[in-house]
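Raw contents of run_7.tsv, TSV, C-alpha atoms:
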chain	number	residue	atom	x	y	z
X	1	MET	CA	118.70	142.18	114.27
X	2	THR	CA	120.11	139.63	116.73
X	3	SER	CA	118.41	136.39	117.69
X	4	TYR	CA	117.95	137.82	121.22
X	5	ASP	CA	115.47	140.41	119.87
X	6	PHE	CA	113.09	137.62	118.96
X	7	LYS	CA	113.13	136.12	122.45
X	8	ARG	CA	110.78	136.94	125.28
X	9	LYS	CA	112.48	139.26	127.73
X	10	SER	CA	113.01	138.16	131.33
X	11	ASN	CA	110.53	140.68	132.74
X	12	GLU	CA	108.09	140.55	129.82
X	13	GLU	CA	104.59	139.13	130.27
X	14	PHE	CA	103.61	136.61	127.61
X	15	GLU	CA	100.74	138.87	126.42
X	16	ASP	CA	103.21	141.77	126.01
X	17	TYR	CA	105.53	139.49	124.05
X	18	HIS	CA	102.60	138.45	121.86
X	19	VAL	CA	101.69	142.08	121.11
X	20	ARG	CA	105.31	143.15	120.56
X	21	LEU	CA	105.97	140.50	117.93
X	22	PHE	CA	102.89	141.41	115.91
X	23	GLU	CA	103.47	145.15	116.21
X	24	ASP	CA	107.12	144.79	115.12
X	25	MET	CA	106.37	142.56	112.12
X	26	PRO	CA	106.86	145.32	109.48
X	27	ILE	CA	110.07	146.56	111.12
X	28	HIS	CA	111.80	143.18	111.19
X	29	GLU	CA	110.18	141.73	108.04
X	30	LEU	CA	108.47	138.92	109.92
X	31	ASP	CA	105.34	137.23	108.66
X	32	SER	CA	102.52	135.90	110.82
X	33	ASP	CA	103.63	132.27	110.33
X	34	GLU	CA	107.04	133.10	111.81
X	35	VAL	CA	105.45	134.97	114.71
X	36	ALA	CA	103.16	131.99	115.40
X	37	GLU	CA	106.17	129.67	115.43
X	38	LEU	CA	107.92	131.87	118.03
X	39	LEU	CA	104.80	132.08	120.22
X	40	ASN	CA	104.16	128.33	120.05
X	41	LYS	CA	107.75	127.63	121.05
X	42	GLU	CA	107.62	130.06	123.98
X	43	TYR	CA	104.18	128.89	125.20
X	44	GLY	CA	104.81	125.19	124.59
X	45	VAL	CA	101.82	124.65	122.31
X	46	ASN	CA	101.13	124.04	118.63
X	47	TYR	CA	98.38	126.54	117.81
X	48	SER	CA	97.74	127.65	114.23
X	49	GLU	CA	98.88	130.99	112.84
X	50	SER	CA	95.19	131.98	112.66
X	51	LYS	CA	94.69	131.62	116.42
X	52	TRP	CA	97.55	133.95	117.35
X	53	ARG	CA	96.63	136.48	114.64
X	54	LYS	CA	92.98	136.64	115.74
X	55	ASP	CA	93.95	137.07	119.41
X	56	TYR	CA	96.11	140.03	118.44
X	57	ALA	CA	93.31	141.43	116.25
X	58	GLN	CA	91.01	141.48	119.30
X	59	TYR	CA	93.62	143.45	121.22
X	60	ALA	CA	94.15	145.87	118.33
X	61	LYS	CA	90.40	146.38	118.01
X	62	TRP	CA	90.00	147.58	121.61
X	63	LYS	CA	93.37	149.28	122.11
X	64	ASP	CA	92.55	152.75	120.76
X	65	TYR	CA	89.17	152.84	122.47
X	66	ILE	CA	90.64	152.02	125.88
X	67	LEU	CA	93.50	154.49	125.54
X	68	SER	CA	91.07	157.23	124.47
X	69	LYS	CA	89.03	156.73	127.63
X	70	HIS	CA	91.96	156.61	130.04
X	71	ASN	CA	95.07	158.69	130.56
X	72	ASP	CA	98.39	156.92	130.85
X	73	ASP	CA	98.62	158.04	134.45
X	74	THR	CA	95.27	156.57	135.54
X	75	GLU	CA	94.36	153.02	136.30
X	76	LEU	CA	92.21	151.28	133.69
X	77	ASP	CA	88.66	150.62	134.67
X	78	LYS	CA	88.55	147.22	136.37
X	79	LEU	CA	85.27	146.26	134.71
X	80	THR	CA	86.76	146.95	131.26
X	81	ILE	CA	89.79	144.83	132.12
X	82	LYS	CA	87.56	141.99	133.24
X	83	LYS	CA	85.56	142.21	130.03
X	84	LEU	CA	88.73	142.05	127.96
X	85	GLU	CA	90.06	139.12	130.00
X	86	LEU	CA	86.74	137.31	129.58
X	87	GLN	CA	86.81	137.94	125.83
X	88	LYS	CA	90.38	136.65	125.66
X	89	GLU	CA	89.44	133.46	127.50
X	90	ARG	CA	86.47	132.97	125.17
X	91	ASN	CA	88.79	133.37	122.19
X	92	LYS	CA	91.22	130.84	123.68
X	93	LEU	CA	88.44	128.31	124.24
X	94	SER	CA	87.07	128.92	120.76
X	95	SER	CA	90.52	128.45	119.21
X	96	GLU	CA	91.12	125.24	121.16
X	97	LYS	CA	87.71	123.95	120.11
X	98	ASN	CA	88.45	124.80	116.46
X	99	GLU	CA	91.82	123.03	116.65
X	100	LEU	CA	90.17	119.94	118.16
X	101	ASN	CA	87.43	119.89	115.52
X	102	LYS	CA	90.04	120.34	112.80
X	103	TRP	CA	92.01	117.35	114.14
X	104	ILE	CA	88.84	115.22	114.32
X	105	ARG	CA	87.90	116.14	110.73
X	106	GLU	CA	91.40	115.32	109.47
X	107	GLN	CA	91.46	111.96	111.24
X	108	ALA	CA	87.99	111.05	109.97
X	109	ARG	CA	88.88	112.06	106.42
X	110	THR	CA	92.11	110.07	106.47
X	111	GLU	CA	90.43	106.94	107.87
X	112	ASN	CA	87.68	107.24	105.26
X	113	ILE	CA	90.24	107.47	102.43
X	114	TYR	CA	92.12	104.43	103.74
X	115	GLU	CA	88.92	102.40	104.02
X	116	LYS	CA	87.89	103.21	100.46
X	117	ILE	CA	91.31	102.37	99.06
X	118	GLU	CA	91.48	99.12	101.03
X	119	ASN	CA	88.08	98.12	99.61
X	120	ALA	CA	89.31	98.95	96.11
X	121	ILE	CA	92.51	96.90	96.59
X	122	THR	CA	90.55	93.82	97.64
X	123	LYS	CA	88.75	93.96	94.27
X	124	LEU	CA	92.03	93.91	92.30
X	125	SER	CA	93.53	90.69	91.00
X	126	PRO	CA	95.93	89.40	93.66
X	127	ILE	CA	99.65	89.98	93.07
X	128	GLN	CA	101.36	86.71	92.18
X	129	VAL	CA	104.18	86.30	94.69
X	130	PRO	CA	107.27	84.66	93.08
X	131	ASN	CA	107.62	81.05	94.17
X	132	VAL	CA	111.42	81.10	94.38
X	133	GLU	CA	113.61	80.29	97.35
X	134	ILE	CA	116.29	82.90	98.03
X	135	LYS	CA	119.34	81.22	99.54
X	136	GLU	CA	121.45	83.24	101.94
X	137	ASN	CA	125.13	83.62	101.14
X	138	ASN	CA	128.06	84.69	103.29
X	139	ASN	CA	129.46	87.61	101.29
X	140	LYS	CA	127.88	90.12	103.74
X	141	ARG	CA	126.94	92.59	101.01
X	142	THR	CA	123.79	94.54	100.29
X	143	ALA	CA	122.72	97.50	98.13
X	144	ILE	CA	120.65	100.67	98.24
X	145	ILE	CA	118.69	101.44	95.07
X	146	ASP	CA	117.69	105.09	94.77
X	147	ILE	CA	114.42	106.17	93.17
X	148	ALA	CA	114.18	109.96	93.29
X	149	ASP	CA	111.93	112.63	91.80
X	150	SER	CA	109.72	110.43	89.64
X	151	HIS	CA	107.14	113.23	89.25
X	152	PHE	CA	104.71	110.56	88.07
X	153	GLY	CA	101.83	112.09	86.13
X	154	SER	CA	103.75	114.96	84.55
X	155	GLU	CA	104.43	115.12	80.83
X	156	GLY	CA	106.27	117.42	78.51
X	157	LYS	CA	109.05	118.00	76.01
X	158	ILE	CA	112.14	120.16	76.26
X	159	LEU	CA	113.05	121.55	72.83
X	160	GLY	CA	116.39	122.82	71.56
X	161	PHE	CA	117.14	125.92	69.48
X	162	ASN	CA	116.11	124.11	66.29
X	163	ASN	CA	113.01	122.53	67.87
X	164	GLU	CA	114.83	119.23	68.33
X	165	VAL	CA	113.66	117.18	71.35
X	166	LEU	CA	116.26	117.41	74.12
X	167	ALA	CA	114.15	115.53	76.64
X	168	GLU	CA	110.69	114.03	76.89
X	169	TYR	CA	108.74	112.61	79.81
X	170	ASN	CA	105.38	111.00	80.53
X	171	VAL	CA	103.90	108.06	82.42
X	172	GLU	CA	104.95	105.49	79.82
X	173	ILE	CA	108.53	106.78	79.76
X	174	PHE	CA	108.66	106.50	83.57
X	175	LYS	CA	107.49	102.88	83.44
X	176	ARG	CA	109.98	102.06	80.68
X	177	ARG	CA	112.82	103.53	82.74
X	178	MET	CA	111.75	101.60	85.82
X	179	TRP	CA	111.79	98.29	83.93
X	180	GLU	CA	115.18	99.25	82.50
X	181	LEU	CA	116.36	99.97	86.06
X	182	LEU	CA	115.10	96.55	87.10
X	183	GLU	CA	117.25	94.90	84.40
X	184	HIS	CA	120.34	96.77	85.59
X	185	THR	CA	119.49	95.90	89.20
X	186	ILE	CA	119.15	92.17	88.46
X	187	SER	CA	122.49	92.20	86.63
X	188	ILE	CA	124.20	93.89	89.59
X	189	ILE	CA	122.50	91.53	92.07
X	190	GLU	CA	123.93	88.55	90.20
X	191	LYS	CA	127.36	90.14	89.83
X	192	GLU	CA	127.64	91.14	93.51
X	193	LYS	CA	125.88	87.94	94.73
X	194	LEU	CA	123.30	89.88	96.73
X	195	THR	CA	120.36	88.41	98.59
X	196	HIS	CA	118.98	91.64	100.08
X	197	VAL	CA	118.54	95.26	98.92
X	198	THR	CA	116.99	98.49	100.19
X	199	VAL	CA	114.84	100.42	97.73
X	200	LEU	CA	115.08	104.04	98.87
X	201	ASN	CA	112.41	106.36	97.49
X	202	LEU	CA	113.72	109.89	97.95
X	203	SER	CA	110.25	111.28	97.25
X	204	ASP	CA	108.42	113.52	94.82
X	205	SER	CA	106.98	110.24	93.55
X	206	ILE	CA	104.10	112.21	92.06
X	207	ASP	CA	104.04	115.62	90.41
X	208	GLY	CA	101.22	116.79	92.72
X	209	LEU	CA	99.66	120.20	92.30
X	210	LEU	CA	101.59	122.97	94.02
X	211	HIS	CA	101.12	125.68	91.37
X	212	MET	CA	98.47	126.41	88.78
X	213	ASN	CA	101.01	126.45	85.95
X	214	GLN	CA	101.66	122.74	86.58
X	215	LEU	CA	98.31	121.93	84.99
X	216	GLN	CA	99.71	122.45	81.49
X	217	PHE	CA	102.33	119.76	82.14
X	218	GLN	CA	100.13	117.12	83.80
X	219	GLN	CA	98.97	113.92	82.18
X	220	LEU	CA	96.99	112.76	85.23
X	221	GLY	CA	95.12	114.30	88.14
X	222	VAL	CA	96.63	113.97	91.62
X	223	ALA	CA	94.36	111.08	92.72
X	224	ASP	CA	95.24	109.09	89.60
X	225	GLN	CA	98.92	109.90	90.07
X	226	VAL	CA	98.84	108.35	93.54
X	227	MET	CA	96.84	105.26	92.60
X	228	GLN	CA	98.73	104.45	89.42
X	229	PHE	CA	102.18	105.09	90.91
X	230	ALA	CA	101.39	102.94	93.96
X	231	GLU	CA	100.05	100.07	91.84
X	232	PHE	CA	102.99	100.16	89.43
X	233	THR	CA	105.49	100.26	92.30
X	234	SER	CA	103.75	97.26	93.89
X	235	GLU	CA	104.24	95.30	90.66
X	236	TRP	CA	107.85	96.47	90.31
X	237	LEU	CA	108.80	95.53	93.88
X	238	ASN	CA	107.05	92.20	93.51
X	239	ALA	CA	109.08	91.45	90.37
X	240	LEU	CA	112.32	92.40	92.13
X	241	SER	CA	111.46	90.14	95.06
X	242	GLU	CA	112.00	87.13	92.79
X	243	TYR	CA	115.74	87.77	93.20
X	244	VAL	CA	116.22	89.36	96.65
X	245	THR	CA	114.46	90.28	99.86
X	246	ILE	CA	113.61	93.99	100.00
X	247	ASP	CA	113.34	96.81	102.52
X	248	TYR	CA	111.31	99.67	101.01
X	249	ARG	CA	111.97	103.00	102.71
X	250	SER	CA	110.73	106.45	101.68
X	251	VAL	CA	110.74	110.08	102.76
X	252	LEU	CA	108.21	112.90	102.42
X	253	GLY	CA	108.72	115.42	99.63
X	254	ASN	CA	107.34	118.80	98.64
X	255	HIS	CA	105.51	117.80	95.44
X	256	SER	CA	103.58	115.07	97.26
X	257	GLU	CA	102.44	117.53	99.93
X	258	ASN	CA	98.80	118.66	99.99
X	259	ARG	CA	98.47	122.41	100.38
X	260	TYR	CA	94.84	123.00	101.29
X	261	LEU	CA	93.17	126.43	101.27
X	262	ASN	CA	96.24	128.24	99.89
X	263	SER	CA	98.33	127.03	102.83
X	264	SER	CA	102.10	127.50	102.84
X	265	ARG	CA	104.77	124.85	102.44
X	266	GLY	CA	104.99	122.61	105.48
X	267	GLU	CA	101.80	123.95	107.09
X	268	PHE	CA	100.15	120.53	106.70
X	269	ALA	CA	103.36	118.50	106.88
X	270	GLN	CA	101.64	115.15	107.49
X	271	GLU	CA	99.12	115.69	104.68
X	272	ASN	CA	101.53	114.05	102.28
X	273	MET	CA	100.67	111.57	99.56
X	274	GLU	CA	103.86	109.56	100.16
X	275	ARG	CA	102.19	108.28	103.33
X	276	LEU	CA	99.21	107.13	101.29
X	277	ILE	CA	101.49	105.44	98.73
X	278	VAL	CA	103.28	103.57	101.51
X	279	TRP	CA	99.99	102.49	103.05
X	280	TYR	CA	98.85	101.20	99.64
X	281	LEU	CA	102.09	99.23	99.20
X	282	LYS	CA	101.73	97.64	102.63
X	283	THR	CA	98.19	96.56	101.87
X	284	ARG	CA	98.84	95.40	98.31
X	285	LEU	CA	102.01	93.45	99.16
X	286	CYS	CA	100.92	92.08	102.53
X	287	LYS	CA	101.21	88.47	101.30
X	288	ASN	CA	104.73	88.90	99.97
X	289	LYS	CA	106.92	88.21	103.00
X	290	ARG	CA	110.06	89.06	101.06
X	291	ILE	CA	109.15	92.75	101.08
X	292	LYS	CA	109.10	94.93	104.20
X	293	VAL	CA	107.59	98.41	103.75
X	294	TYR	CA	108.50	101.11	106.28
X	295	ASP	CA	106.46	104.22	107.08
X	296	ALA	CA	107.40	107.39	105.20
X	297	LYS	CA	108.81	110.24	107.29
X	298	SER	CA	110.35	113.63	106.59
X	299	ILE	CA	113.77	112.31	107.55
X	300	ILE	CA	114.80	108.70	108.17
X	301	TYR	CA	117.85	107.10	109.82
X	302	PHE	CA	118.77	103.45	109.36
X	303	ASP	CA	121.68	101.01	109.47
X	304	VAL	CA	123.02	99.04	106.49
X	305	LEU	CA	125.56	96.43	107.62
X	306	GLY	CA	127.10	98.91	110.07
X	307	THR	CA	126.89	101.97	107.79
X	308	LYS	CA	124.66	104.69	109.23
X	309	ILE	CA	122.38	106.25	106.61
X	310	LEU	CA	120.43	109.50	106.93
X	311	ALA	CA	117.95	110.36	104.16
X	312	THR	CA	115.53	113.19	103.38
X	313	HIS	CA	114.10	114.68	100.21
X	314	GLY	CA	116.22	117.82	100.38
X	315	GLN	CA	113.86	120.75	99.83
X	316	ASP	CA	114.84	122.21	103.22
X	317	GLU	CA	118.59	121.65	102.88
X	318	LYS	CA	120.40	124.82	101.79
X	319	ASN	CA	123.88	123.40	102.34
X	320	LEU	CA	124.31	119.62	102.45
X	321	GLU	CA	127.70	119.81	104.12
X	322	SER	CA	126.35	121.95	106.93
X	323	SER	CA	123.18	119.86	107.19
X	324	ILE	CA	124.96	116.57	107.78
X	325	LYS	CA	127.03	118.14	110.58
X	326	ASP	CA	123.94	119.77	112.11
X	327	TYR	CA	121.95	116.52	112.09
X	328	MET	CA	124.81	114.65	113.76
X	329	MET	CA	124.93	117.26	116.52
X	330	ILE	CA	121.15	117.59	116.96
X	331	TYR	CA	120.43	113.86	117.16
X	332	ASN	CA	123.78	112.81	118.62
X	333	VAL	CA	124.25	110.01	116.07
X	334	ASN	CA	126.96	108.92	113.66
X	335	VAL	CA	126.19	109.48	109.99
X	336	HIS	CA	128.32	107.97	107.26
X	337	LEU	CA	126.10	108.77	104.30
X	338	PHE	CA	123.50	111.53	103.89
X	339	LYS	CA	121.22	110.88	100.90
X	340	THR	CA	118.92	113.43	99.23
X	341	GLY	CA	117.14	114.08	95.94
X	342	HIS	CA	115.18	117.20	94.96
X	343	LEU	CA	117.67	118.90	92.60
X	344	HIS	CA	117.46	116.24	89.85
X	345	HIS	CA	121.20	115.70	89.40
X	346	LEU	CA	124.03	113.72	90.95
X	347	ASN	CA	126.25	115.41	93.52
X	348	ASN	CA	128.60	113.54	95.84
X	349	LYS	CA	131.13	114.95	98.30
X	350	VAL	CA	133.20	113.54	101.16
X	351	ILE	CA	133.33	116.01	104.06
X	352	GLY	CA	135.20	114.00	106.69
X	353	MET	CA	135.83	110.58	108.15
X	354	ASN	CA	134.54	108.42	110.97
X	355	GLY	CA	136.89	105.57	111.77
X	356	LEU	CA	137.56	103.65	108.57
X	357	GLN	CA	134.49	105.11	106.86
X	358	ASN	CA	134.04	108.45	105.16
X	359	ILE	CA	131.33	110.95	106.02
X	360	GLU	CA	129.69	112.09	102.80
X	361	HIS	CA	126.53	113.40	101.23
X	362	MET	CA	125.11	111.92	98.06
X	363	GLN	CA	122.45	113.63	95.98
X	364	SER	CA	120.65	111.26	93.65
X	365	PRO	CA	119.65	111.91	90.02
X	366	SER	CA	115.97	111.94	89.09
X	367	MET	CA	113.76	109.49	87.27
X	368	CYS	CA	112.18	112.30	85.25
X	369	GLY	CA	115.40	113.96	84.08
X	370	ILE	CA	115.17	117.51	82.74
X	371	ASN	CA	111.93	119.38	83.33
X	372	GLU	CA	110.87	123.00	83.00
X	373	TYR	CA	111.95	123.86	86.54
X	374	SER	CA	115.42	122.31	86.36
X	375	LEU	CA	115.96	123.93	82.96
X	376	LYS	CA	115.05	127.32	84.46
X	377	LEU	CA	117.69	126.77	87.16
X	378	LYS	CA	120.15	125.52	84.50
X	379	LYS	CA	120.52	122.33	86.56
X	380	THR	CA	120.23	119.64	83.92
X	381	ALA	CA	121.20	115.97	83.97
X	382	ASN	CA	120.13	112.67	82.46
X	383	ALA	CA	117.46	110.61	84.15
X	384	GLY	CA	118.98	107.93	86.34
X	385	SER	CA	119.44	106.08	89.57
X	386	LEU	CA	122.25	105.14	91.93
X	387	ILE	CA	122.84	101.59	93.14
X	388	THR	CA	125.31	101.65	96.04
X	389	ILE	CA	126.98	98.48	97.31
X	390	PHE	CA	127.83	98.12	101.01
X	391	GLU	CA	129.99	95.50	102.67
X	392	GLU	CA	130.00	94.64	106.35
X	393	GLY	CA	133.14	95.90	108.08
X	394	TYR	CA	134.05	98.11	105.12
X	395	GLY	CA	131.11	100.41	104.43
X	396	LYS	CA	130.37	101.82	101.00
X	397	LEU	CA	132.17	99.60	98.51
X	398	CYS	CA	131.15	101.20	95.19
X	399	THR	CA	128.32	103.03	93.44
X	400	TYR	CA	126.79	102.21	90.07
X	401	ASP	CA	125.65	105.37	88.29
X	402	ILE	CA	122.74	104.11	86.17
X	403	ARG	CA	121.68	106.43	83.34
X	404	LEU	CA	118.20	105.70	82.00
X	405	LYS	CA	116.91	106.42	78.49
Could you spell out this file's structure in C-alpha cells?
Amino acid sequence: MTSYDFKRKSNEEFEDYHVRLFEDMPIHELDSDEVAELLNKEYGVNYSESKWRKDYAQYAKWKDYILSKHNDDTELDKLTIKKLELQKERNKLSSEKNELNKWIREQARTENIYEKIENAITKLSPIQVPNVEIKENNNKRTAIIDIADSHFGSEGKILGFNNEVLAEYNVEIFKRRMWELLEHTISIIEKEKLTHVTVLNLSDSIDGLLHMNQLQFQQLGVADQVMQFAEFTSEWLNALSEYVTIDYRSVLGNHSENRYLNSSRGEFAQENMERLIVWYLKTRLCKNKRIKVYDAKSIIYFDVLGTKILATHGQDEKNLESSIKDYMMIYNVNVHLFKTGHLHHLNNKVIGMNGLQNIEHMQSPSMCGINEYSLKLKKTANAGSLITIFEEGYGKLCTYDIRLK
C-alpha cells in the first residue's frame, strides 16, 4: 500500500474520507489511533481517537436503515438527511465540549498537585547552599554528565546458572552509584579545570508503572519514586554546585509517562513525571543561584561552547543514524552530537562531519545496569555514566566512560 492511499483524494469530501479510512481498517491493518491521526492532520485539529470513532459509529448505525429505505437511484429523503446532519453537529459539539472539560480537569489536577508539593517542600529543612566562590578560568572547557535510565524504585537480582548474583539493584544501590559518580565528577572537574557543567538526564528517572508485571520488581510506589528521586537529585546537584555552576537539562521518557485508563504510549505525552521532577528541583533549589534547571521536553537542542547537542530518551528512535539526519533536515539545524539513552548500554558512532567537528550519535549507559528487560533482549552492560569534555573552537575533546559498582 502506497502512502498516497492514506491521503484524502482531490475530489473526496472529508466525510467520505472519514468513512473510507474506518471501513478500510481491516484491509490495511490500521488501528483507530492511526486513523484518528490521519483525520486530525487532514482537518487541522487535535481530536481524540474516541471522537472520530464515535462519529463513524453513528454513521454505521444509520447506514443500513437508510439504504434499505432508498434505492441507489433515488434521492435520499431530505428530512432524513437533515436529521443526520443535525445529529452529526450535536456529536461534534458534544465532542468539543468533552475535550474542553477534559483539558480543564487536567489543568486543575496538575495545578492542585503542584500546590500540594510546593506546600510540602516549604515544610522541609532548607537545602544548605555551599558558601564557596567559584572563580572563572580561561580554559574555555565544560562537560556534559549523563544520567540515564535510573529506574528509581525498582529492585531485583539477576542470577547466573549457579544462582550466583550477576547484578543487583535497588534504591540504596542507585544512591551509592550516584555518590560514586560525584567523586569521579569532582576528580575530572579538578583535572580539566572546569567551572561549569551540564547534567543531562536522559530520562526514565523512575521505574513508573507501565505493565502489571513490574509490580514484582518495585520497591516503591510511583508517587514515592517521584518524591524520593527528586529530593535525592536536589541534594546531589547541591553538593556538586560546591565545585561548579550547573545547567540541569532533561528529556521525557517512556517509563515516566502516565498511561491513564489503559491508554497507549504517547497518548498523554505531557502527562510525564519528568516534568514534575523538574518542577520539584526548581522549587527546592530556587535559592541556589549556581544551578539553572530547564524544563523537560521530549527532545531538546542546546549549544555547548559552539557544539550543537540534540538529546532525547530514544524510545522512538529505530535507527540513530537515520534519526540524526532526519532531525537536521526537519528542523534545519546543525547537529554535532545526538545523545540518547533507553537501551541501557553504550553505543557511539561517527556518521559524518560538519566543518572541523564530527557528526555522531552517542547512546549512554544506564544507572541501573542489567534488568529483566535488557537481559531478555540480551543487551547487557555495566551500570555507568559518560562525562564528555568540550572545548571552545574544538568541540568534543574526550569522553570519560565511568563504570559504577
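Taking all atoms listed in the file into account, Ala311 (chain X) lies nearest to X:Ser203 out of the set X:Ser203, X:Val293, X:Ser366, X:Glu391.
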Exercise. Rank nothing, just name the residue among X:Thr245, X:Ser187, X:Gln357, X:Asn170 nearest to Gln225 (chain X), using all atoms listed in the file.
Key: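 Checking each of X:Thr245, X:Ser187, X:Gln357, X:Asn170 against Gln225 (chain X), counting all atoms listed in the file, the winner is X:Asn170.
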Quiz item: So what do you get for CA of Thr312 (chain X) versus CA of Thr340 (chain X), distance-wise?
Solution: 5.4 Å
Practice problem: Provide the CA of His336 (chain X) to CA of Asn354 (chain X) distance in Å, to one decimal place. | Solution: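 Value for the CA of His336 (chain X)-CA of Asn354 (chain X) distance: 7.3 Å.
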Quiz item: Any idea what the distance is between CA of Lys349 (chain X) and CA of Tyr373 (chain X)?
Solution: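 Taking CA of Lys349 (chain X) and CA of Tyr373 (chain X), their separation equals 24.2 Å.
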Quiz item: For Ser385 (chain X), which residue out of X:Ser256, X:Ser150, X:Asn40, X:Thr233 is the nearest one, using only C-alpha atoms?
Solution: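 Of the candidates, the smallest distance to Ser385 (chain X) is held by X:Ser150.
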Quiz item: When distances are computed from only C-alpha atoms, which of X:Pro130, X:Gly384, X:Gly160, X:Gly153 shows the smallest separation from Arg177 (chain X)?
Solution: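 Nearest candidate to Arg177 (chain X) out of X:Pro130, X:Gly384, X:Gly160, X:Gly153: X:Gly384.
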Determine the axis-aligned bounding box of all atoms of region 241-253 of chain X present in the file, pad each side by 4 Å, and express its centre and edge lengths in Å to one decimal place as AutoDock Vina command-line options.
--center_x 112.2 --center_y 101.3 --center_z 97.8 --size_x 16.0 --size_y 36.3 --size_z 18.0
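Residues in contact range of Pro365 (chain X), defined as at most 8 Å between only C-alpha atoms, with sequence neighbours fewer than 3 positions away removed, read Ala148, Asp149, Gly341, Leu343, His344, His345, Leu346, Gly369, Ala381, Asn382, Ala383, Gly384, Ser385 and Leu386 of chain X.
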For the selection just defined, write its residues with C-alpha atoms to a file, as a PDB file, in the coordinates of the input.
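Below you can see part38.pdb, which holds the result:
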ATOM      1  CA  ALA X 148     114.180 109.960  93.290  1.00  0.00           C
ATOM      2  CA  ASP X 149     111.930 112.630  91.800  1.00  0.00           C
ATOM      3  CA  GLY X 341     117.140 114.080  95.940  1.00  0.00           C
ATOM      4  CA  LEU X 343     117.670 118.900  92.600  1.00  0.00           C
ATOM      5  CA  HIS X 344     117.460 116.240  89.850  1.00  0.00           C
ATOM      6  CA  HIS X 345     121.200 115.700  89.400  1.00  0.00           C
ATOM      7  CA  LEU X 346     124.030 113.720  90.950  1.00  0.00           C
ATOM      8  CA  GLY X 369     115.400 113.960  84.080  1.00  0.00           C
ATOM      9  CA  ALA X 381     121.200 115.970  83.970  1.00  0.00           C
ATOM     10  CA  ASN X 382     120.130 112.670  82.460  1.00  0.00           C
ATOM     11  CA  ALA X 383     117.460 110.610  84.150  1.00  0.00           C
ATOM     12  CA  GLY X 384     118.980 107.930  86.340  1.00  0.00           C
ATOM     13  CA  SER X 385     119.440 106.080  89.570  1.00  0.00           C
ATOM     14  CA  LEU X 386     122.250 105.140  91.930  1.00  0.00           C
TER      15      LEU X 386
END
Just the residues within 9 Å of Ile389 (chain X), please, counting only C-alpha atoms, with nothing from its chain fewer than 6 positions along; format it as an mmCIF file with C-alpha atoms, keeping the file's coordinate frame.
data_model
loop_
_atom_site.group_PDB
_atom_site.id
_atom_site.type_symbol
_atom_site.label_atom_id
_atom_site.label_comp_id
_atom_site.auth_asym_id
_atom_site.auth_seq_id
_atom_site.Cartn_x
_atom_site.Cartn_y
_atom_site.Cartn_z
ATOM 1 C CA ARG X 141 126.940 92.590 101.010
ATOM 2 C CA THR X 142 123.790 94.540 100.290
ATOM 3 C CA ALA X 143 122.720 97.500 98.130
ATOM 4 C CA ILE X 144 120.650 100.670 98.240
ATOM 5 C CA GLU X 192 127.640 91.140 93.510
ATOM 6 C CA GLY X 395 131.110 100.410 104.430
ATOM 7 C CA LYS X 396 130.370 101.820 101.000
ATOM 8 C CA LEU X 397 132.170 99.600 98.510
ATOM 9 C CA CYS X 398 131.150 101.200 95.190
ATOM 10 C CA THR X 399 128.320 103.030 93.440
ATOM 11 C CA TYR X 400 126.790 102.210 90.070
#
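Each of X:Ala36, X:Cys368, X:Lys175, X:Leu305 was compared to Asn139 (chain X) using all atoms listed in the file, and X:Leu305 turns out to be the nearest.
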Self-check item: Spatial neighbours of Ala167 (chain X), 7 Å, all atoms listed in the file, chain gap at least 2 places, as a PyMOL selection string
Solution: chain X and resi 157-158+165+169+370
Write to file, as a tab-separated table (two decimals), in the frame of the given file, the residues of the selection just made, with C-alpha atoms.
chain	number	residue	atom	x	y	z
X	157	LYS	CA	109.05	118.00	76.01
X	158	ILE	CA	112.14	120.16	76.26
X	165	VAL	CA	113.66	117.18	71.35
X	169	TYR	CA	108.74	112.61	79.81
X	370	ILE	CA	115.17	117.51	82.74
Find the residues with any atom within 10 Å of (109.9, 136.4, 115.8); use only C-alpha atoms and the coordinates as given in the file, and write the answer as a PDB file with C-alpha atoms, in the coordinates of the input.
ATOM      1  CA  SER X   3     118.410 136.390 117.690  1.00  0.00           C
ATOM      2  CA  TYR X   4     117.950 137.820 121.220  1.00  0.00           C
ATOM      3  CA  ASP X   5     115.470 140.410 119.870  1.00  0.00           C
ATOM      4  CA  PHE X   6     113.090 137.620 118.960  1.00  0.00           C
ATOM      5  CA  LYS X   7     113.130 136.120 122.450  1.00  0.00           C
ATOM      6  CA  ARG X   8     110.780 136.940 125.280  1.00  0.00           C
ATOM      7  CA  TYR X  17     105.530 139.490 124.050  1.00  0.00           C
ATOM      8  CA  HIS X  18     102.600 138.450 121.860  1.00  0.00           C
ATOM      9  CA  ARG X  20     105.310 143.150 120.560  1.00  0.00           C
ATOM     10  CA  LEU X  21     105.970 140.500 117.930  1.00  0.00           C
ATOM     11  CA  PHE X  22     102.890 141.410 115.910  1.00  0.00           C
ATOM     12  CA  ASP X  24     107.120 144.790 115.120  1.00  0.00           C
ATOM     13  CA  MET X  25     106.370 142.560 112.120  1.00  0.00           C
ATOM     14  CA  HIS X  28     111.800 143.180 111.190  1.00  0.00           C
ATOM     15  CA  GLU X  29     110.180 141.730 108.040  1.00  0.00           C
ATOM     16  CA  LEU X  30     108.470 138.920 109.920  1.00  0.00           C
ATOM     17  CA  ASP X  31     105.340 137.230 108.660  1.00  0.00           C
ATOM     18  CA  SER X  32     102.520 135.900 110.820  1.00  0.00           C
ATOM     19  CA  ASP X  33     103.630 132.270 110.330  1.00  0.00           C
ATOM     20  CA  GLU X  34     107.040 133.100 111.810  1.00  0.00           C
ATOM     21  CA  VAL X  35     105.450 134.970 114.710  1.00  0.00           C
ATOM     22  CA  ALA X  36     103.160 131.990 115.400  1.00  0.00           C
ATOM     23  CA  GLU X  37     106.170 129.670 115.430  1.00  0.00           C
ATOM     24  CA  LEU X  38     107.920 131.870 118.030  1.00  0.00           C
ATOM     25  CA  LEU X  39     104.800 132.080 120.220  1.00  0.00           C
TER      26      LEU X  39
END
Quiz item: Between X:Val335, X:Leu377, X:Ile189, X:Val278, which has the minimum distance to Ser234 (chain X) (counting only C-alpha atoms)?
Solution: X:Val278
Exercise. Might you pull out every residue within 12 Å of Val226 (chain X), with all atoms listed in the file counted and same-chain residues fewer than 2 positions away left off, and present them as a PyMOL selection string?
Key: chain X and resi 117+150-153+204-209+220-224+228-233+255-257+272-281
